[in-house]
Amino acid sequence: MKTEFKVLPWLREVRDRHARETEGLTAEERVAALERETHPWTEAFLRNHPGAVVREAPAQARVAEQPEPYGQKPKK
């Protein structure tokens, strides 16, 4: 079965829509919005997979949304 679905135009539309929806939000606001949107999915997943373990991402895996000015050490 052959499909006519084109991935790149769809992906561009998704990215453009997300950019419009999050325009002007601070890093904290973007994270909070993402958590609100994904919370129902996470809860459903955990209900359906009771053995799943939720772990905190290690500090080195986190990306700084608002990095410190050049030459300054990050705040802890």
# chains A, B, ... in the order shown; residues from 1 in each chain; ligands from 1
>>> select_by_dssp(residues="segment 4-48 of chain A", states="helix (DSSP H, G or I)", output="NGL selection string")
:A and (7-22 or 27-48)
>>> atom_distance(atom1="atom CA of Arg30 of chain A", atom2="atom CA of Val14 of chain A")
16.1 Å
>>> atom_distance(atom1="atom CA of Arg55 of chain A", atom2="atom CA of Trp41 of chain A")
16.4 Å
>>> atom_distance(atom1="atom CA of Glu29 of chain A", atom2="atom CA of Arg47 of chain A")
27.2 Å
>>> decode(residues="segment 15-43 of chain A", atoms="C-alpha atoms", output="compact mmCIF listing (two decimals), in the first residue's frame")
# COMPACT_ATOMS: atom_id res chain seq x y z
CA ARG A 15 6.72 23.35 14.26
CA ASP A 16 5.26 26.63 12.97
CA ARG A 17 2.04 26.14 14.97
CA HIS A 18 4.02 25.38 18.14
CA ALA A 19 6.15 28.49 17.61
CA ARG A 20 3.00 30.63 17.27
CA GLU A 21 1.44 29.08 20.39
CA THR A 22 4.53 29.62 22.55
CA GLU A 23 5.61 32.99 21.18
CA GLY A 24 6.37 35.44 23.96
CA LEU A 25 6.40 32.86 26.76
CA THR A 26 9.28 32.67 29.19
CA ALA A 27 11.20 29.42 29.59
CA GLU A 28 9.29 28.68 32.80
CA GLU A 29 5.94 29.34 31.09
CA ARG A 30 6.87 27.03 28.20
CA VAL A 31 7.84 24.23 30.59
CA ALA A 32 4.62 24.67 32.60
CA ALA A 33 2.50 24.60 29.42
CA LEU A 34 4.25 21.45 28.23
CA GLU A 35 3.71 19.77 31.61
CA ARG A 36 -0.01 20.71 31.55
CA GLU A 37 -0.39 19.30 28.03
CA THR A 38 1.45 16.05 28.70
CA HIS A 39 0.14 15.34 32.22
CA PRO A 40 -2.98 13.41 31.04
CA TRP A 41 -0.83 11.26 28.72
CA THR A 42 1.66 10.54 31.48
CA GLU A 43 -1.10 9.61 33.93
